[in-house]
Structures are given as C-alpha cells and as structure tokens.
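The file final_8.pdb contains PDB, C-alpha atoms:
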ATOM      1  CA  MET A 119    -195.751 -13.195 176.157
ATOM      2  CA  THR A 120    -192.656 -12.603 178.258
ATOM      3  CA  ALA A 121    -193.244 -13.030 181.958
ATOM      4  CA  ASP A 122    -189.973 -11.658 183.305
ATOM      5  CA  PRO A 123    -189.805  -7.841 183.133
ATOM      6  CA  ASP A 124    -186.037  -7.823 183.838
ATOM      7  CA  PHE A 125    -185.421 -10.071 180.877
ATOM      8  CA  PHE A 126    -187.586  -7.857 178.667
ATOM      9  CA  ASP A 127    -185.447  -4.875 179.723
ATOM     10  CA  LEU A 128    -182.476  -6.722 178.288
ATOM     11  CA  ILE A 129    -184.402  -7.349 175.080
ATOM     12  CA  ARG A 130    -185.409  -3.702 174.913
ATOM     13  CA  GLN A 131    -181.717  -2.787 174.896
ATOM     14  CA  TYR A 132    -180.762  -5.426 172.352
ATOM     15  CA  ALA A 133    -183.696  -5.485 169.899
ATOM     16  CA  PRO A 134    -183.153  -2.069 168.246
ATOM     17  CA  ASN A 135    -179.710  -3.309 167.104
ATOM     18  CA  ILE A 136    -181.389  -5.881 164.889
ATOM     19  CA  ILE A 137    -182.768  -3.023 162.828
ATOM     20  CA  ASN A 138    -180.577  -0.018 163.541
ATOM     21  CA  LYS A 139    -177.191  -1.737 163.250
ATOM     22  CA  VAL A 140    -177.815  -4.178 160.431
ATOM     23  CA  PRO A 141    -176.304  -2.910 157.145
ATOM     24  CA  TYR A 142    -179.201  -3.987 154.923
ATOM     25  CA  ALA A 143    -181.847  -2.548 157.260
ATOM     26  CA  LYS A 144    -179.765   0.589 157.658
ATOM     27  CA  THR A 145    -179.368   1.188 153.911
ATOM     28  CA  LEU A 146    -183.108   0.800 153.475
ATOM     29  CA  GLY A 147    -183.573   3.274 156.338
ATOM     30  CA  PHE A 148    -185.595   0.944 158.584
ATOM     31  CA  GLU A 149    -186.336   2.179 162.079
ATOM     32  CA  LEU A 150    -187.818   0.419 165.102
ATOM     33  CA  VAL A 151    -190.678   2.522 166.438
ATOM     34  CA  GLU A 152    -192.387   0.325 169.037
ATOM     35  CA  LEU A 153    -191.456  -2.693 171.093
ATOM     36  CA  GLU A 154    -193.396  -4.650 173.666
ATOM     37  CA  PRO A 155    -193.434  -8.324 174.657
ATOM     38  CA  GLY A 156    -194.127 -10.339 171.498
ATOM     39  CA  ARG A 157    -194.838  -7.263 169.358
ATOM     40  CA  ALA A 158    -192.743  -4.905 167.246
ATOM     41  CA  VAL A 159    -193.444  -1.995 164.895
ATOM     42  CA  ALA A 160    -190.940  -0.657 162.360
ATOM     43  CA  ARG A 161    -190.945   1.983 159.638
ATOM     44  CA  ALA A 162    -189.436   2.087 156.148
ATOM     45  CA  PRO A 163    -189.051   5.540 154.605
ATOM     46  CA  TYR A 164    -189.949   6.250 150.993
ATOM     47  CA  GLN A 165    -186.619   6.382 149.123
ATOM     48  CA  ALA A 166    -185.904   7.047 145.453
ATOM     49  CA  GLU A 167    -183.357   4.177 145.300
ATOM     50  CA  THR A 168    -185.942   1.568 146.193
ATOM     51  CA  ILE A 169    -188.488   2.410 143.499
ATOM     52  CA  GLY A 170    -189.576  -0.685 141.584
ATOM     53  CA  ASP A 171    -191.633   0.974 138.872
ATOM     54  CA  ILE A 172    -190.277   4.228 137.503
ATOM     55  CA  GLU A 173    -193.494   5.061 135.688
ATOM     56  CA  THR A 174    -195.519   5.130 138.893
ATOM     57  CA  GLY A 175    -192.763   5.706 141.467
ATOM     58  CA  ILE A 176    -194.026   2.807 143.566
ATOM     59  CA  ILE A 177    -191.553   1.135 145.939
ATOM     60  CA  HIS A 178    -190.475  -2.374 144.950
ATOM     61  CA  GLY A 179    -192.215  -5.276 146.690
ATOM     62  CA  GLY A 180    -188.783  -6.484 147.787
ATOM     63  CA  VAL A 181    -188.572  -3.618 150.277
ATOM     64  CA  VAL A 182    -191.887  -4.649 151.824
ATOM     65  CA  THR A 183    -190.575  -8.234 151.971
ATOM     66  CA  ALA A 184    -187.413  -7.109 153.773
ATOM     67  CA  LEU A 185    -189.332  -4.928 156.233
ATOM     68  CA  LEU A 186    -191.827  -7.682 157.076
ATOM     69  CA  ASP A 187    -188.992 -10.209 157.496
ATOM     70  CA  ASN A 188    -187.115  -7.855 159.792
ATOM     71  CA  VAL A 189    -189.990  -6.778 162.002
ATOM     72  CA  SER A 190    -191.212 -10.380 162.308
ATOM     73  CA  GLY A 191    -187.763 -11.410 163.556
ATOM     74  CA  VAL A 192    -187.810  -8.601 166.112
ATOM     75  CA  SER A 193    -191.244  -9.676 167.395
ATOM     76  CA  VAL A 194    -189.774 -13.143 168.033
ATOM     77  CA  ILE A 195    -186.877 -11.653 170.010
ATOM     78  CA  ALA A 196    -189.431  -9.560 171.928
ATOM     79  CA  ALA A 197    -191.308 -12.735 172.892
ATOM     80  CA  LEU A 198    -188.303 -14.613 174.273
ATOM     81  CA  SER A 199    -188.004 -15.453 177.926
ATOM     82  CA  GLU A 200    -184.458 -16.776 177.651
ATOM     83  CA  MET A 201    -181.453 -16.161 175.390
ATOM     84  CA  LYS A 202    -181.985 -17.684 171.980
ATOM     85  CA  SER A 203    -180.833 -17.016 168.465
ATOM     86  CA  THR A 204    -183.448 -16.752 165.730
ATOM     87  CA  ALA A 205    -183.268 -17.806 162.081
ATOM     88  CA  THR A 206    -186.097 -17.388 159.573
ATOM     89  CA  LEU A 207    -187.424 -20.759 158.416
ATOM     90  CA  ASP A 208    -190.012 -19.406 156.047
ATOM     91  CA  LEU A 209    -191.992 -16.303 155.314
ATOM     92  CA  ARG A 210    -195.168 -16.035 153.268
ATOM     93  CA  ILE A 211    -196.278 -12.650 152.027
ATOM     94  CA  ASP A 212    -199.608 -11.671 150.502
ATOM     95  CA  TYR A 213    -199.687  -8.395 148.623
ATOM     96  CA  MET A 214    -203.051  -6.657 148.946
ATOM     97  CA  ARG A 215    -202.391  -3.297 147.290
ATOM     98  CA  PRO A 216    -199.393  -1.274 146.198
ATOM     99  CA  ALA A 217    -197.771   1.118 148.627
ATOM    100  CA  GLU A 218    -198.594   4.757 147.931
ATOM    101  CA  VAL A 219    -195.960   6.967 146.343
ATOM    102  CA  GLY A 220    -194.018   9.229 148.689
ATOM    103  CA  ARG A 221    -195.250   7.656 151.921
ATOM    104  CA  ASP A 222    -193.427   5.727 154.637
ATOM    105  CA  ILE A 223    -194.444   2.116 155.187
ATOM    106  CA  ILE A 224    -195.207   0.902 158.714
ATOM    107  CA  ALA A 225    -194.971  -2.774 159.595
ATOM    108  CA  GLU A 226    -196.271  -4.386 162.736
ATOM    109  CA  ALA A 227    -195.489  -7.962 163.757
ATOM    110  CA  LYS A 228    -196.754 -10.238 166.479
ATOM    111  CA  CYS A 229    -195.173 -13.441 167.676
ATOM    112  CA  TYR A 230    -198.337 -15.365 168.531
ATOM    113  CA  HIS A 231    -196.913 -18.734 169.471
ATOM    114  CA  MET A 232    -193.604 -20.124 170.584
ATOM    115  CA  THR A 233    -192.351 -23.602 171.358
ATOM    116  CA  ARG A 234    -188.856 -24.476 172.616
ATOM    117  CA  THR A 235    -187.590 -24.674 169.032
ATOM    118  CA  VAL A 236    -189.943 -22.691 166.765
ATOM    119  CA  ALA A 237    -191.718 -19.313 166.873
ATOM    120  CA  PHE A 238    -194.697 -18.281 164.720
ATOM    121  CA  THR A 239    -195.420 -14.736 163.579
ATOM    122  CA  ARG A 240    -197.973 -12.633 161.741
ATOM    123  CA  ALA A 241    -197.239  -9.195 160.335
ATOM    124  CA  TRP A 242    -198.999  -6.350 158.552
ATOM    125  CA  ALA A 243    -197.588  -3.580 156.385
ATOM    126  CA  TYR A 244    -199.643  -0.390 155.986
ATOM    127  CA  HIS A 245    -199.453   3.398 155.829
ATOM    128  CA  GLU A 246    -201.734   4.463 158.651
ATOM    129  CA  THR A 247    -204.040   1.749 159.867
ATOM    130  CA  LYS A 248    -204.421  -1.986 159.429
ATOM    131  CA  ASP A 249    -207.779  -1.353 157.693
ATOM    132  CA  ARG A 250    -205.933  -0.607 154.478
ATOM    133  CA  VAL A 251    -203.161  -3.113 154.555
ATOM    134  CA  ILE A 252    -200.443  -3.175 151.856
ATOM    135  CA  ALA A 253    -199.274  -6.693 152.624
ATOM    136  CA  THR A 254    -199.543  -9.354 155.301
ATOM    137  CA  ALA A 255    -196.989 -11.949 156.264
ATOM    138  CA  SER A 256    -196.836 -15.141 158.247
ATOM    139  CA  GLY A 257    -193.519 -16.553 159.276
ATOM    140  CA  SER A 258    -191.820 -19.244 161.292
ATOM    141  CA  PHE A 259    -188.449 -18.944 162.986
ATOM    142  CA  ALA A 260    -186.061 -21.562 164.327
ATOM    143  CA  LEU A 261    -184.818 -20.937 167.868
ATOM    144  CA  ASN A 262    -181.486 -22.055 169.237
ATOM    145  CA  PRO A 263    -180.206 -21.587 172.782
ATOM    146  CA  ILE A 264    -177.282 -19.180 173.107
ATOM    147  CA  LYS A 265    -175.310 -18.042 176.151
ATOM    148  CA  GLN A 266    -175.830 -14.346 175.547
ATOM    149  CA  PHE A 267    -177.091 -11.939 172.934
ATOM    150  CA  PRO A 268    -174.196 -11.089 170.647
ATOM    151  CA  GLY A 269    -172.441  -7.751 171.183
ATOM    152  CA  ASP A 270    -173.720  -4.550 169.712
ATOM    153  CA  SER A 271    -173.520  -5.595 166.112
ATOM    154  CA  GLU A 272    -175.732  -8.669 165.941
ATOM    155  CA  GLY A 273    -178.443  -8.886 163.351
ATOM    156  CA  GLU A 274    -180.583 -11.278 161.525
ATOM    157  CA  GLY A 275    -179.292 -13.851 159.050
TER
ATOM    158  CA  MET B 147    -193.859 -17.457 122.748
ATOM    159  CA  GLY B 148    -194.937 -15.170 119.949
ATOM    160  CA  GLU B 149    -192.449 -12.386 120.402
ATOM    161  CA  ASP B 150    -188.830 -12.831 119.445
ATOM    162  CA  ILE B 151    -186.822 -14.006 122.447
ATOM    163  CA  TYR B 152    -183.954 -11.666 121.630
ATOM    164  CA  LEU B 153    -186.316  -8.706 121.687
ATOM    165  CA  ARG B 154    -187.572  -9.862 125.089
ATOM    166  CA  GLN B 155    -183.969 -10.083 126.324
ATOM    167  CA  GLU B 156    -183.356  -6.487 125.279
ATOM    168  CA  LYS B 157    -186.553  -5.333 126.936
ATOM    169  CA  LEU B 158    -185.640  -7.152 130.145
ATOM    170  CA  GLN B 159    -182.157  -5.628 130.266
ATOM    171  CA  ALA B 160    -183.637  -2.188 129.573
ATOM    172  CA  TYR B 161    -186.140  -2.669 132.399
ATOM    173  CA  LEU B 162    -183.410  -3.710 134.849
ATOM    174  CA  GLU B 163    -181.239  -0.759 133.895
ATOM    175  CA  ARG B 164    -183.926   1.804 134.562
ATOM    176  CA  THR B 165    -185.337   0.252 137.750
ATOM    177  CA  PRO B 166    -183.829   1.900 140.837
ATOM    178  CA  PHE B 167    -184.367  -1.076 143.151
ATOM    179  CA  ALA B 168    -182.637  -3.504 140.745
ATOM    180  CA  SER B 169    -179.646  -1.130 140.508
ATOM    181  CA  PHE B 170    -179.704  -0.619 144.263
ATOM    182  CA  LEU B 171    -179.305  -4.373 144.811
ATOM    183  CA  GLY B 172    -176.810  -4.667 141.946
ATOM    184  CA  PHE B 173    -179.073  -7.259 140.318
ATOM    185  CA  ARG B 174    -177.938  -8.528 136.953
ATOM    186  CA  CYS B 175    -178.647 -11.553 134.805
ATOM    187  CA  GLU B 176    -177.097 -13.715 132.137
ATOM    188  CA  ILE B 177    -179.543 -14.792 129.510
ATOM    189  CA  MET B 178    -179.060 -17.865 127.363
ATOM    190  CA  GLY B 179    -181.963 -18.166 124.930
ATOM    191  CA  ASP B 180    -185.084 -18.444 127.079
ATOM    192  CA  GLU B 181    -183.056 -19.346 130.183
ATOM    193  CA  MET B 182    -181.670 -16.907 132.663
ATOM    194  CA  THR B 183    -179.312 -16.995 135.625
ATOM    195  CA  ALA B 184    -179.611 -14.051 137.972
ATOM    196  CA  ILE B 185    -176.632 -12.741 139.925
ATOM    197  CA  LEU B 186    -176.603 -10.714 143.125
ATOM    198  CA  PRO B 187    -172.986  -9.594 143.512
ATOM    199  CA  PHE B 188    -171.888  -9.525 147.132
ATOM    200  CA  ASN B 189    -172.038  -6.078 148.684
ATOM    201  CA  GLU B 190    -171.567  -4.963 152.311
ATOM    202  CA  LYS B 191    -174.938  -3.228 152.336
ATOM    203  CA  ILE B 192    -176.891  -6.498 151.986
ATOM    204  CA  ILE B 193    -175.362  -7.988 155.145
ATOM    205  CA  GLY B 194    -178.008  -8.952 157.689
ATOM    206  CA  ASN B 195    -175.784 -10.326 160.417
ATOM    207  CA  PRO B 196    -172.441  -8.537 160.802
ATOM    208  CA  THR B 197    -171.144 -11.016 163.421
ATOM    209  CA  ILE B 198    -171.315 -14.080 161.195
ATOM    210  CA  ARG B 199    -171.374 -11.986 157.987
ATOM    211  CA  ALA B 200    -174.546 -13.582 156.661
ATOM    212  CA  LEU B 201    -176.695 -11.956 154.002
ATOM    213  CA  HIS B 202    -180.016 -10.463 155.087
ATOM    214  CA  GLY B 203    -183.042 -12.692 154.553
ATOM    215  CA  GLY B 204    -184.840  -9.694 153.102
ATOM    216  CA  ALA B 205    -182.107  -9.248 150.482
ATOM    217  CA  THR B 206    -182.228 -12.927 149.518
ATOM    218  CA  GLY B 207    -186.023 -12.716 149.356
ATOM    219  CA  ALA B 208    -186.030  -9.572 147.235
ATOM    220  CA  PHE B 209    -183.430 -11.129 144.905
ATOM    221  CA  LEU B 210    -185.574 -14.264 144.415
ATOM    222  CA  GLU B 211    -188.637 -12.094 143.813
ATOM    223  CA  LEU B 212    -186.798 -10.080 141.134
ATOM    224  CA  THR B 213    -185.449 -13.278 139.554
ATOM    225  CA  ALA B 214    -188.940 -14.735 139.293
ATOM    226  CA  MET B 215    -190.291 -11.486 137.805
ATOM    227  CA  ALA B 216    -187.446 -11.298 135.290
ATOM    228  CA  GLN B 217    -187.842 -14.913 134.132
ATOM    229  CA  LEU B 218    -191.582 -14.425 133.777
ATOM    230  CA  PHE B 219    -191.070 -11.238 131.783
ATOM    231  CA  LEU B 220    -188.652 -13.063 129.473
ATOM    232  CA  LEU B 221    -191.245 -15.707 128.634
ATOM    233  CA  SER B 222    -194.317 -13.502 128.443
ATOM    234  CA  GLU B 223    -195.506 -10.934 125.927
ATOM    235  CA  GLU B 224    -196.685  -8.400 128.465
ATOM    236  CA  ALA B 225    -195.378  -4.856 128.195
ATOM    237  CA  LYS B 226    -195.092  -4.517 131.971
ATOM    238  CA  MET B 227    -193.575  -6.560 134.750
ATOM    239  CA  ALA B 228    -195.924  -8.942 136.523
ATOM    240  CA  LYS B 229    -197.088  -7.956 140.002
ATOM    241  CA  PRO B 230    -196.595 -10.325 142.927
ATOM    242  CA  ILE B 231    -199.846 -11.634 144.452
ATOM    243  CA  ASN B 232    -198.160 -13.724 147.108
ATOM    244  CA  LEU B 233    -194.913 -15.485 147.726
ATOM    245  CA  THR B 234    -193.339 -17.927 150.131
ATOM    246  CA  ILE B 235    -189.647 -17.941 150.837
ATOM    247  CA  ASP B 236    -188.047 -20.955 152.495
ATOM    248  CA  TYR B 237    -184.708 -20.233 154.083
ATOM    249  CA  LEU B 238    -182.644 -23.407 153.880
ATOM    250  CA  ARG B 239    -179.111 -22.364 154.737
ATOM    251  CA  GLN B 240    -177.235 -19.329 155.941
ATOM    252  CA  ALA B 241    -176.276 -17.161 152.955
ATOM    253  CA  ARG B 242    -172.609 -16.206 153.282
ATOM    254  CA  SER B 243    -170.922 -12.967 152.232
ATOM    255  CA  GLU B 244    -170.424 -14.160 148.652
ATOM    256  CA  ASN B 245    -172.242 -13.737 145.347
ATOM    257  CA  LEU B 246    -175.713 -15.197 145.215
ATOM    258  CA  TYR B 247    -177.127 -16.862 142.088
ATOM    259  CA  ALA B 248    -180.677 -17.798 141.210
ATOM    260  CA  ARG B 249    -182.802 -19.402 138.557
ATOM    261  CA  ALA B 250    -186.548 -19.366 138.220
ATOM    262  CA  GLU B 251    -188.943 -21.693 136.468
ATOM    263  CA  VAL B 252    -192.440 -20.737 135.402
ATOM    264  CA  THR B 253    -194.423 -23.701 136.721
ATOM    265  CA  LYS B 254    -197.672 -22.557 135.166
ATOM    266  CA  GLN B 255    -198.578 -19.566 133.104
ATOM    267  CA  GLY B 256    -202.265 -18.873 132.789
ATOM    268  CA  ARG B 257    -203.942 -15.968 131.028
ATOM    269  CA  ARG B 258    -203.823 -13.712 134.064
ATOM    270  CA  ILE B 259    -201.919 -15.549 136.773
ATOM    271  CA  ALA B 260    -198.587 -17.345 136.754
ATOM    272  CA  ASN B 261    -196.970 -19.655 139.278
ATOM    273  CA  VAL B 262    -193.184 -19.421 139.553
ATOM    274  CA  HIS B 263    -190.584 -21.389 141.503
ATOM    275  CA  ALA B 264    -187.087 -20.034 142.082
ATOM    276  CA  GLU B 265    -183.961 -21.237 143.836
ATOM    277  CA  ALA B 266    -180.926 -19.314 145.071
ATOM    278  CA  TRP B 267    -177.518 -20.822 145.719
ATOM    279  CA  GLN B 268    -173.902 -19.848 146.314
ATOM    280  CA  ALA B 269    -170.941 -22.215 145.984
ATOM    281  CA  GLU B 270    -172.940 -25.306 145.066
ATOM    282  CA  ARG B 271    -176.026 -25.407 142.894
ATOM    283  CA  SER B 272    -177.147 -28.576 144.714
ATOM    284  CA  ARG B 273    -177.137 -26.796 148.078
ATOM    285  CA  PRO B 274    -179.722 -23.999 147.697
ATOM    286  CA  VAL B 275    -179.734 -21.293 150.374
ATOM    287  CA  ALA B 276    -183.342 -20.285 149.757
ATOM    288  CA  THR B 277    -186.288 -21.139 147.526
ATOM    289  CA  LEU B 278    -189.309 -19.121 146.462
ATOM    290  CA  ASN B 279    -192.786 -20.056 145.310
ATOM    291  CA  ALA B 280    -194.904 -17.207 144.056
ATOM    292  CA  HIS B 281    -198.061 -16.224 142.211
ATOM    293  CA  PHE B 282    -197.909 -13.234 139.913
ATOM    294  CA  LEU B 283    -200.569 -11.187 138.225
ATOM    295  CA  LEU B 284    -199.542 -10.657 134.617
ATOM    296  CA  SER B 285    -200.213  -7.005 133.907
ATOM    297  CA  ASP B 286    -203.016  -7.068 131.411
ATOM    298  CA  ASP B 287    -204.849  -3.920 132.391
TER
END

Using the file provided, produce a representation of the structure as structure tokens.
Amino acid sequence: MTADPDFFDLIRQYAPNIINKVPYAKTLGFELVELEPGRAVARAPYQAETIGDIETGIIHGGVVTALLDNVSGVSVIAALSEMKSTATLDLRIDYMRPAEVGRDIIAEAKCYHMTRTVAFTRAWAYHETKDRVIATASGSFALNPIKQFPGDSEGEG
Amino acid sequence: MGEDIYLRQEKLQAYLERTPFASFLGFRCEIMGDEMTAILPFNEKIIGNPTIRALHGGATGAFLELTAMAQLFLLSEEAKMAKPINLTIDYLRQARSENLYARAEVTKQGRRIANVHAEAWQAERSRPVATLNAHFLLSDD
C-alpha cells in the first residue's frame, strides 16, 4: 500500500519496537517475523504461564486476542505513507478451533483499506497454514497525525 | 439456577486459582451473590505503550474475555468453562497504568450458546475504557 520506499524503510526500523519493546508483548514472547507494506506476521510461543485449560494444556483465548490485536496494529503502521499514531477502535475475533498444545501460534494481518482517519484490517491466527485457521480477526484503527514516530520505546495503547 | 450459588462461587475461585493465564494476568474477582466484579491489578507487564504508560489493548481484551467467562460460569451449571465463539471489543478510552475493573452481564443464555456483554472501567464506572460483546459455547460435550 505504501508508495514511498524511503518511508517504508523508516517503518521497517520502527515497527519491530511495537512488538519487541512493548512489555505486554514481550512477556507473552511475541516476535515480529515478517513485515511488508500493509502486511505483518508475528509469532507467539507456547508458554506454560498462558495456559487457559490445565486439563488440556491449551493456551487461553486471551493470548490469541492479544496477538491478533498486536499484529493488526503493526499491519496498519506498515501501510502508512506518513507519520501517524494508531489506536484500536474495535476488534472482532472469531474462534474456529483451539490452538494445539505445545505449538507456536502464527498471526498474519493485512491492512486492506485506509482513509485519512481510519484503517481497516483482517488477520488470521494459525499454526502452519491459513487452511487450518485458529481464529480470524477484523479490526479498525483510528489514525492521528504525529510529527515523528516516538523514540525507541513506543508501543500500542 | 439449580445449583447453590455459593458452591458456584467456590468452583469459580478454584478454577481461577488453578488456571495459569488467570494467575499470569493477576485476575481476581469479588463475588456478591450472583454478581461479580472482576479486578485486574495494575502490573508493569501489561503495559502496551511505555511512552504514555497505557495498558495493552490485548490485556484489556483478555481481561474482559475472562470476566465474561467467569460471570457465565457463576450463573451456569456446567462443569467446564464456556468456550468463546466470537467476541468484539470496542476500545473507548486509553486505559491508564491503574487497576482495571469489569462487570459482565449475561444478555441471553440458551441451551448451548450464551451472549454476554461486559464493560471495563478505571476511575469512573460511567466512563468505560472498553466494552465486550461475545458469544460463548457452553461446554456440554
């Protein structure tokens, strides 16, 4: 979506901070694995602390929610063509099947439309391919002009 | 509500105590009869934006999801927690680095599916920071 390659270079430097330097994303072990204009892929590792059902060992849905929220926000940043701050307006998640025990969760998000003030996203959480999706999400984000991307510790609200 | 509400309270507390993700978040709840207020004590690890010290949307969302599940469990007779089918979170205000509170209301409880609405707030109950609408599958398998 971004036309200016120089501006995307700036985003490429800044975007990983939204996952790698945000306390909540860091504690959950999220990691940005791919970034291109309007698209982002992140990974959540299987962790014992985030189990939601001790009988099965399945990760809590809240982790999937957080991952989808995060990666959707990054896809919006990756679609920008000028400096803007992003704030989640809403996020809808559909749970298709539980995540499998002991496996990392991958989430991919695309920012498929953007106006001056609002960006729209779709995202998928899965283990290997989108054929067997764990959950899907659709989100909208409010955009506000800013002078520059905040230092090296900015994240998502 | 066939089962004794006090028994349900005990079962809910027991569930929360042995669920890693609930402990991870620090989720707790105060139960008054069939009503419940959930509390997410502020913790540095749920920060989403270090610059303005706002809570992470994913933490607020997960908290609302747990609140809805807990309230539903309190009112149902199922042995297991309900499973989310889908949910929508509306983010209304920036959540500050303070405790977060939430209450959920079961809008409709069918035989297999329930609809739940929940609201989270901080300093003022009348100024919610986020709301949730969700469908849950009551575990009946």

- [ ] Quick one: apply the ChimeraX specification (/A :<10) & /B to the file and drop the selected residues here as a ChimeraX atom specification.
- [x] /B:161-162,164-171,189-212,226-227,229-242,276-281

Open item on the list: To test your reading of the syntax: which residues would the PyMOL selection byres ((chain A and resi 245) around 12) return for the file shown? Reply as a ChimeraX atom specification.
Closed with: /A:160-164,182,215-226,242-244,246-253

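The space separating CA of Lys202 (chain A) from CA of Glu152 (chain A) comes to 21.0 Å.
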
TODO: Quick one: apply the PyMOL selection byres ((chain A and resi 227) around 8) to the file and drop the selected residues here as a ChimeraX atom specification.
DONE: /A:157-159,186,189-190,193,225-226,228-229,239-242

Put those residues in a file: C-alpha atoms, as an mmCIF file, in the frame of the given file.
data_model
loop_
_atom_site.group_PDB
_atom_site.id
_atom_site.type_symbol
_atom_site.label_atom_id
_atom_site.label_comp_id
_atom_site.auth_asym_id
_atom_site.auth_seq_id
_atom_site.Cartn_x
_atom_site.Cartn_y
_atom_site.Cartn_z
ATOM 1 C CA ARG A 157 -194.838 -7.263 169.358
ATOM 2 C CA ALA A 158 -192.743 -4.905 167.246
ATOM 3 C CA VAL A 159 -193.444 -1.995 164.895
ATOM 4 C CA LEU A 186 -191.827 -7.682 157.076
ATOM 5 C CA VAL A 189 -189.990 -6.778 162.002
ATOM 6 C CA SER A 190 -191.212 -10.380 162.308
ATOM 7 C CA SER A 193 -191.244 -9.676 167.395
ATOM 8 C CA ALA A 225 -194.971 -2.774 159.595
ATOM 9 C CA GLU A 226 -196.271 -4.386 162.736
ATOM 10 C CA LYS A 228 -196.754 -10.238 166.479
ATOM 11 C CA CYS A 229 -195.173 -13.441 167.676
ATOM 12 C CA THR A 239 -195.420 -14.736 163.579
ATOM 13 C CA ARG A 240 -197.973 -12.633 161.741
ATOM 14 C CA ALA A 241 -197.239 -9.195 160.335
ATOM 15 C CA TRP A 242 -198.999 -6.350 158.552
#

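Going from CA of Gly147 (chain A) over to CA of Ala133 (chain A), you cover 16.1 Å.
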
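When CA of Ser272 (chain B) is paired with CA of Phe238 (chain A), their separation reads 28.5 Å.
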
Open item on the list: Calculated over all atoms listed in the file, which of the candidates A:Thr174, A:Thr204, A:Asn135, A:Ser199 has the smallest distance to Leu261 (chain A)?
Closed with: A:Thr204

Task: Nearest to Asp124 (chain A), chosen from A:Ala237, A:Gln266, A:Glu200, A:Gly191, with all atoms listed in the file counted in the distances - done: A:Glu200
